[in-house]
There are 2 protein chains.
Amino acid sequence: MSEDSSGVEVGQPRWHQVMTELSSAIAAGSFAPGERLPTEAELAERFKVNRLTVRQALAELARAGTIKTVHGRGSFVAELPYRFRLRATTPSIVAQMRGTSTVITQDLLRHAVVPRSDLPDPPALPDDELLRLDTLMSVDGEAWSRDTTWLSAKRFGGVPAVWTPQTSLTGLLLGAYGIVLRRSWRRHSAEPASPQDAAALGVPLGAPLLVLVGANTDPAGVPLSQVHRRSRGDRIEYVVDFDADEDV
Amino acid sequence: MSEDSSGVEVGQPRWHQVMTELSSAIAAGSFAPGERLPTEAELAERFKVNRLTVRQALAELARAGTIKTVHGRGSFVAELPYRFRLRATTPSIVAQMRGTSTVITQDLLRHAVVPRSDLPDPPALPDDELLRLDTLMSVDGEAWSRDTTWLSAKRFGGVPAVWTPQTSLTGLLLGAYGIVLRRSWRRHSAEPASPQDAAALGVPLGAPLLVLVGANTDPAGVPLSQVHRRSRGDRIEYVVDFDADEDV
DNA sequence: TAGTGGTCTAGACCACCGG
DNA sequence: CGGTGGTCTAGACCACTAT
């Protein structure tokens, strides 16, 4: 990245220069976390570019999680980037996070019983009727991940009735059914946020999500549940520790 | 997503409609994998919108990996989405992929010996001089992931001299040094592609990358290497299997 | 209602690719 | 060289938020 005598990038598009200058200013503390940036019109005037050029710069910063843009209000510097480190060996995410001083809620958005034959790619569960739970996990009021969980409808049909935002599914299964979940396998991938993801998680379209697909069994190895979790990439990461004892 | 009588989305921005229509056309096979889409000007005329509106639609499709846009040539439908499934328990990625009929190369882009004291966040290795290897892994000529690997410079200083594009680092350490690597821990996260990532991997700025940070030890548990791998999210995923025997 | 970001247009010029 | 995508401008109007 070459620069001229005044420290301005050379040979880069104008929007890229604006992006890095804003990024540097934020990193240098010229704008505090949570603070509002100048309006797009002001930035355009300050950088002597068109407003669209500013917008391209802001869009990239938003996708990277550096700022958060809200329609009608402005663009705000993100809170200090914090990524929650989750142990992949532990079935319950919510239980792990509850150990902290933050407020964790998991709302049940939808639930339905679906015949296995209706599913193009049914989960590997030994049941004909499957209970589908769509939940949204939030931390301090900020949505962090969307889950879709599949269970046996016959065995666990009562779960939606007793669900509360404080529910941890693993804890519920243990408490109400006496069942201990054991992780069987996990798949980790990175995907761009779909329009639905973007709306539910409050991230820009295309923002990186960390996606987990996995299965849990009972202690005997009988498949009990299958999970599909889409988490904000700037908030969640998974740790696999091969040295430590693999307990819960 | 409501639609009017002709099946056109309603209440969505024009660029979003163009995006979904193109996406559907591709999914329906109107454009074969690898085929070139009409030019932006043609699409603008066909959809009766400005070229910028078409460009916003194409940009989202490119970030999602549906198409690949090349300056001066056009936009091309991506080859059938294929994601390589890598076992997280196995230290060597390259060795895993070599089992397939594809051509895997790993080019050594740069290497340097760095005093540990020069690093703001040094890897957990018991050495004062560290060898840094920057490599690029490609599959059938397409760049899939960039690695930065740290090793003891004293023990492994000869590695760069014997490197070839066919090298697997794990295999090399075993062959030339008689050392068996054992995975110690792994961290998986999702990040947007930086300008450097985008240039090296041929993806759009901000495209989702699957990032792995990890450490390996010798069989006795002594730290040997630390890895930082940034892979194309549309090409790589990691599998953690808790049921299978954890060998290899 | 005023101020903010979100969308869209028309037009221009530049940078890259291929023959 | 002609054709393609990449960047940028000026200007307009819409949608959302706060007061």
# chains A, B, ... in the order shown; residues from 1 in each chain; ligands from 1

$ residues_around --residues "DA18 (chain D)" --least-positions-apart "4" --cutoff "9 Å" --atoms "only C-alpha atoms (C1' of nucleotides)" --output "compact mmCIF listing (two decimals) with C-alpha atoms (C1' of nucleotides), in the first residue's frame"
# COMPACT_ATOMS: atom_id res chain seq x y z
CA GLY A 72 -32.91 7.29 9.76
CA ARG A 73 -30.47 7.64 12.65
C1' DG C 3 -32.91 15.13 9.51

$ interface_residues --of "chain B" --to "chain D" --cutoff "12 Å" --atoms "only C-alpha atoms (C1' of nucleotides)" --output "list in words"
Gly11, Pro13, Arg36, Leu37, Pro38, Thr39, Glu40, Ala41, Glu42, Arg51, Leu52, Val54, Arg55, Leu58, Ala59, Lys68, Thr69, Val70, His71, Gly72, Arg73, Gly74 and Ser75 of chain B

$ residues_around --residues "Asp107 (chain A)" --least-positions-apart "5" --cutoff "12 Å" --atoms "only C-alpha atoms (C1' of nucleotides)" --output "mmCIF file with N, CA, C and O atoms, in the first residue's frame"
data_model
loop_
_atom_site.group_PDB
_atom_site.id
_atom_site.type_symbol
_atom_site.label_atom_id
_atom_site.label_comp_id
_atom_site.auth_asym_id
_atom_site.auth_seq_id
_atom_site.Cartn_x
_atom_site.Cartn_y
_atom_site.Cartn_z
ATOM 1 N N VAL A 94 -26.039 -21.957 25.453
ATOM 2 C CA VAL A 94 -26.656 -21.002 26.363
ATOM 3 C C VAL A 94 -26.105 -21.180 27.771
ATOM 4 O O VAL A 94 -25.781 -20.205 28.457
ATOM 5 N N LEU A 133 -37.877 -26.434 16.135
ATOM 6 C CA LEU A 133 -37.857 -25.237 16.979
ATOM 7 C C LEU A 133 -36.970 -24.186 16.330
ATOM 8 O O LEU A 133 -35.805 -24.451 16.027
ATOM 9 N N ASP A 134 -37.535 -22.992 16.122
ATOM 10 C CA ASP A 134 -36.732 -21.878 15.607
ATOM 11 C C ASP A 134 -36.553 -20.870 16.723
ATOM 12 O O ASP A 134 -37.523 -20.288 17.209
ATOM 13 N N THR A 135 -35.315 -20.663 17.117
ATOM 14 C CA THR A 135 -35.047 -19.783 18.253
ATOM 15 C C THR A 135 -34.040 -18.712 17.868
ATOM 16 O O THR A 135 -33.296 -18.842 16.896
ATOM 17 N N LEU A 136 -34.063 -17.648 18.668
ATOM 18 C CA LEU A 136 -33.139 -16.532 18.461
ATOM 19 C C LEU A 136 -32.448 -16.240 19.781
ATOM 20 O O LEU A 136 -33.106 -15.933 20.775
ATOM 21 N N MET A 137 -31.126 -16.360 19.787
ATOM 22 C CA MET A 137 -30.394 -16.089 21.005
ATOM 23 C C MET A 137 -29.874 -14.646 21.004
ATOM 24 O O MET A 137 -29.276 -14.203 20.031
ATOM 25 N N SER A 138 -30.119 -13.934 22.099
ATOM 26 C CA SER A 138 -29.686 -12.543 22.196
ATOM 27 C C SER A 138 -28.839 -12.346 23.442
ATOM 28 O O SER A 138 -29.063 -12.986 24.463
ATOM 29 N N VAL A 139 -27.879 -11.460 23.334
ATOM 30 C CA VAL A 139 -27.001 -11.121 24.438
ATOM 31 C C VAL A 139 -27.146 -9.634 24.706
ATOM 32 O O VAL A 139 -26.863 -8.819 23.822
ATOM 33 N N GLY A 141 -29.718 -7.952 24.720
ATOM 34 C CA GLY A 141 -30.670 -7.383 23.772
ATOM 35 C C GLY A 141 -30.208 -7.368 22.331
ATOM 36 O O GLY A 141 -30.956 -6.959 21.447
ATOM 37 N N ALA A 143 -29.189 -9.484 19.046
ATOM 38 C CA ALA A 143 -29.326 -10.839 18.490
ATOM 39 C C ALA A 143 -27.972 -11.359 18.024
ATOM 40 O O ALA A 143 -27.269 -10.677 17.279
ATOM 41 N N TRP A 144 -27.625 -12.564 18.463
ATOM 42 C CA TRP A 144 -26.324 -13.119 18.111
ATOM 43 C C TRP A 144 -26.399 -14.358 17.238
ATOM 44 O O TRP A 144 -25.506 -14.610 16.449
ATOM 45 N N SER A 145 -27.453 -15.156 17.414
ATOM 46 C CA SER A 145 -27.521 -16.342 16.552
ATOM 47 C C SER A 145 -28.937 -16.887 16.459
ATOM 48 O O SER A 145 -29.743 -16.717 17.362
ATOM 49 N N ARG A 146 -29.204 -17.492 15.322
ATOM 50 C CA ARG A 146 -30.501 -18.129 15.054
ATOM 51 C C ARG A 146 -30.284 -19.631 14.995
ATOM 52 O O ARG A 146 -29.402 -20.104 14.296
ATOM 53 N N ASP A 147 -31.131 -20.358 15.713
ATOM 54 C CA ASP A 147 -31.019 -21.813 15.723
ATOM 55 C C ASP A 147 -32.260 -22.450 15.125
ATOM 56 O O ASP A 147 -33.370 -21.948 15.295
ATOM 57 N N THR A 148 -32.061 -23.542 14.438
ATOM 58 C CA THR A 148 -33.163 -24.441 14.125
ATOM 59 C C THR A 148 -32.806 -25.791 14.714
ATOM 60 O O THR A 148 -31.741 -26.346 14.408
ATOM 61 N N PRO A 160 -42.327 -26.893 23.578
ATOM 62 C CA PRO A 160 -42.756 -25.510 23.312
ATOM 63 C C PRO A 160 -43.624 -24.934 24.419
ATOM 64 O O PRO A 160 -43.535 -23.738 24.725
ATOM 65 N N TRP A 163 -41.505 -23.544 27.261
ATOM 66 C CA TRP A 163 -40.360 -22.714 26.870
ATOM 67 C C TRP A 163 -40.472 -21.325 27.475
ATOM 68 O O TRP A 163 -41.539 -20.725 27.492
ATOM 69 N N THR A 164 -39.354 -20.815 27.959
ATOM 70 C CA THR A 164 -39.271 -19.409 28.357
ATOM 71 C C THR A 164 -37.986 -18.841 27.770
ATOM 72 O O THR A 164 -37.097 -19.602 27.381
ATOM 73 N N PRO A 165 -37.886 -17.504 27.705
ATOM 74 C CA PRO A 165 -36.652 -16.920 27.152
ATOM 75 C C PRO A 165 -35.408 -17.298 27.941
ATOM 76 O O PRO A 165 -34.297 -17.133 27.445
ATOM 77 N N GLN A 166 -35.616 -17.800 29.151
ATOM 78 C CA GLN A 166 -34.452 -18.192 29.953
ATOM 79 C C GLN A 166 -34.085 -19.660 29.740
ATOM 80 O O GLN A 166 -33.155 -20.168 30.351
ATOM 81 N N THR A 167 -34.826 -20.306 28.863
ATOM 82 C CA THR A 167 -34.605 -21.735 28.659
ATOM 83 C C THR A 167 -33.250 -22.019 28.015
ATOM 84 O O THR A 167 -32.828 -21.318 27.099
ATOM 85 N N SER A 168 -32.571 -23.017 28.524
ATOM 86 C CA SER A 168 -31.500 -23.658 27.778
ATOM 87 C C SER A 168 -32.034 -25.034 27.401
ATOM 88 O O SER A 168 -32.497 -25.782 28.265
ATOM 89 N N LEU A 169 -32.017 -25.350 26.136
ATOM 90 C CA LEU A 169 -32.644 -26.599 25.690
ATOM 91 C C LEU A 169 -31.998 -27.796 26.389
ATOM 92 O O LEU A 169 -32.686 -28.720 26.835
ATOM 93 N N ALA A 200 -32.945 -10.815 10.977
ATOM 94 C CA ALA A 200 -33.055 -11.356 12.332
ATOM 95 C C ALA A 200 -31.871 -10.954 13.205
ATOM 96 O O ALA A 200 -32.026 -10.726 14.405
#

$ residues_around --residues "Phe156 (chain A)" --least-positions-apart "4" --cutoff "9 Å" --atoms "only C-alpha atoms (C1' of nucleotides)" --output "ChimeraX atom specification"
/A:131,151-152,160,173,177

$ write_last_selection --atoms "C-alpha atoms" --output "PDB file, in the first residue's frame"
ATOM      1  CA  LEU A 131     -40.514 -31.144  16.154  1.00  0.00           C
ATOM      2  CA  LEU A 151     -36.311 -33.292  17.989  1.00  0.00           C
ATOM      3  CA  SER A 152     -38.624 -36.273  18.171  1.00  0.00           C
ATOM      4  CA  PRO A 160     -42.756 -25.510  23.312  1.00  0.00           C
ATOM      5  CA  LEU A 173     -34.146 -31.826  28.479  1.00  0.00           C
ATOM      6  CA  TYR A 177     -36.907 -35.478  30.808  1.00  0.00           C
TER       7      TYR A 177
END

$ closest_atom_pairs --of "chain A" --to "chain B" --cutoff "6 Å" --atoms "only C-alpha atoms" --output "JSON lines"
{"residue": "A:Ala64", "atom": "CA", "partner": "B:Pro192", "partner_atom": "CA", "distance": 5.9}
{"residue": "A:Ser184", "atom": "CA", "partner": "B:Phe242", "partner_atom": "CA", "distance": 5.3}
{"residue": "A:Trp185", "atom": "CA", "partner": "B:Asp241", "partner_atom": "CA", "distance": 4.4}
{"residue": "A:Arg186", "atom": "CA", "partner": "B:Val240", "partner_atom": "CA", "distance": 5.1}
{"residue": "A:Arg187", "atom": "CA", "partner": "B:Val239", "partner_atom": "CA", "distance": 4.5}
{"residue": "A:His188", "atom": "CA", "partner": "B:Tyr238", "partner_atom": "CA", "distance": 5.2}
{"residue": "A:Ser189", "atom": "CA", "partner": "B:Glu237", "partner_atom": "CA", "distance": 4.7}
{"residue": "A:Ala190", "atom": "CA", "partner": "B:Gly233", "partner_atom": "CA", "distance": 4.7}
{"residue": "A:Glu191", "atom": "CA", "partner": "B:Pro208", "partner_atom": "CA", "distance": 5.9}
{"residue": "A:Pro192", "atom": "CA", "partner": "B:Ala64", "partner_atom": "CA", "distance": 5.9}
{"residue": "A:Pro208", "atom": "CA", "partner": "B:Pro208", "partner_atom": "CA", "distance": 4.6}
{"residue": "A:Leu210", "atom": "CA", "partner": "B:Ala190", "partner_atom": "CA", "distance": 5.2}
{"residue": "A:Gly233", "atom": "CA", "partner": "B:Ala190", "partner_atom": "CA", "distance": 4.8}
{"residue": "A:Glu237", "atom": "CA", "partner": "B:Ser189", "partner_atom": "CA", "distance": 4.8}
{"residue": "A:Tyr238", "atom": "CA", "partner": "B:His188", "partner_atom": "CA", "distance": 5.2}
{"residue": "A:Val239", "atom": "CA", "partner": "B:Arg187", "partner_atom": "CA", "distance": 4.5}
{"residue": "A:Val240", "atom": "CA", "partner": "B:Arg186", "partner_atom": "CA", "distance": 5.1}
{"residue": "A:Asp241", "atom": "CA", "partner": "B:Trp185", "partner_atom": "CA", "distance": 4.4}
{"residue": "A:Phe242", "atom": "CA", "partner": "B:Ser184", "partner_atom": "CA", "distance": 5.3}
{"residue": "A:Asp243", "atom": "CA", "partner": "B:Ser184", "partner_atom": "CA", "distance": 5.8}

$ atom_distance --atom1 "CA of Asp140 (chain B)" --atom2 "CA of Val103 (chain B)"
5.0 Å

$ closest_atom_pairs --of "chain C" --to "chain B" --cutoff "8 Å" --atoms "only C-alpha atoms (C1' of nucleotides)" --output "Markdown table"
| residue | atom | partner | partner_atom | distance |
| --- | --- | --- | --- | --- |
| C:DT7 | C1' | B:Pro13 | CA | 7.2 |
| C:DC8 | C1' | B:Thr53 | CA | 7.3 |
| C:DT9 | C1' | B:Asn50 | CA | 6.3 |
| C:DC16 | C1' | B:Gly72 | CA | 4.9 |
| C:DC17 | C1' | B:Gly72 | CA | 5.0 |

$ closest_residue --among "B:Val180, B:Leu201, B:Leu119, B:Ala112" --to "Gly157 (chain B)" --atoms "only C-alpha atoms"
B:Ala112

$ select_by_dssp --residues "region 50-201 of chain A" --states "alpha helix (DSSP H)" --output "number ranges by chain"
A: 51-63, 93-98, 153-156, 169-177, 195-201

$ atom_distance --atom1 "CA of Ala57 (chain A)" --atom2 "CA of Gly29 (chain A)"
18.5 Å

$ residues_around --residues "Ala32 (chain B)" --least-positions-apart "5" --cutoff "10 Å" --atoms "only C-alpha atoms (C1' of nucleotides)" --output "PyMOL selection string"
chain B and resi 25-27+37+76-80

$ write_last_selection --atoms "N, CA, C and O atoms" --output "PDB file, in the first residue's frame"
ATOM      1  N   ALA B  25     -33.004 -17.696 -12.041  1.00  0.00           N
ATOM      2  CA  ALA B  25     -32.666 -18.124 -13.396  1.00  0.00           C
ATOM      3  C   ALA B  25     -31.462 -19.054 -13.384  1.00  0.00           C
ATOM      4  O   ALA B  25     -31.420 -20.065 -14.093  1.00  0.00           O
ATOM      5  N   ILE B  26     -30.486 -18.722 -12.524  1.00  0.00           N
ATOM      6  CA  ILE B  26     -29.302 -19.569 -12.433  1.00  0.00           C
ATOM      7  C   ILE B  26     -29.669 -20.915 -11.827  1.00  0.00           C
ATOM      8  O   ILE B  26     -29.265 -21.972 -12.312  1.00  0.00           O
ATOM      9  N   ALA B  27     -30.477 -20.862 -10.753  1.00  0.00           N
ATOM     10  CA  ALA B  27     -30.876 -22.106 -10.089  1.00  0.00           C
ATOM     11  C   ALA B  27     -31.688 -22.980 -11.039  1.00  0.00           C
ATOM     12  O   ALA B  27     -31.605 -24.211 -10.995  1.00  0.00           O
ATOM     13  N   LEU B  37     -22.786 -14.463 -17.947  1.00  0.00           N
ATOM     14  CA  LEU B  37     -24.074 -13.765 -17.925  1.00  0.00           C
ATOM     15  C   LEU B  37     -24.064 -12.676 -18.996  1.00  0.00           C
ATOM     16  O   LEU B  37     -22.999 -12.297 -19.496  1.00  0.00           O
ATOM     17  N   PHE B  76     -19.599 -14.605 -14.444  1.00  0.00           N
ATOM     18  CA  PHE B  76     -19.748 -16.002 -14.807  1.00  0.00           C
ATOM     19  C   PHE B  76     -20.437 -16.772 -13.691  1.00  0.00           C
ATOM     20  O   PHE B  76     -20.153 -16.554 -12.507  1.00  0.00           O
ATOM     21  N   VAL B  77     -21.319 -17.660 -14.069  1.00  0.00           N
ATOM     22  CA  VAL B  77     -21.975 -18.517 -13.087  1.00  0.00           C
ATOM     23  C   VAL B  77     -20.915 -19.418 -12.455  1.00  0.00           C
ATOM     24  O   VAL B  77     -20.094 -20.005 -13.157  1.00  0.00           O
ATOM     25  N   ALA B  78     -20.922 -19.480 -11.128  1.00  0.00           N
ATOM     26  CA  ALA B  78     -19.940 -20.298 -10.429  1.00  0.00           C
ATOM     27  C   ALA B  78     -20.152 -21.764 -10.756  1.00  0.00           C
ATOM     28  O   ALA B  78     -21.254 -22.184 -11.103  1.00  0.00           O
ATOM     29  N   GLU B  79     -19.075 -22.524 -10.684  1.00  0.00           N
ATOM     30  CA  GLU B  79     -19.206 -23.968 -10.815  1.00  0.00           C
ATOM     31  C   GLU B  79     -20.092 -24.458  -9.668  1.00  0.00           C
ATOM     32  O   GLU B  79     -20.243 -23.790  -8.673  1.00  0.00           O
ATOM     33  N   LEU B  80     -20.672 -25.593  -9.833  1.00  0.00           N
ATOM     34  CA  LEU B  80     -21.561 -26.127  -8.815  1.00  0.00           C
ATOM     35  C   LEU B  80     -20.927 -25.984  -7.435  1.00  0.00           C
ATOM     36  O   LEU B  80     -19.814 -26.424  -7.233  1.00  0.00           O
TER      37      LEU B  80
END

$ select_by_dssp --residues "region 103-225 of chain A" --states "strand (DSSP E)" --output "MDAnalysis selection string"
chainID A and resid 104:115 129:139 142:152 182:192 208:217 223:225
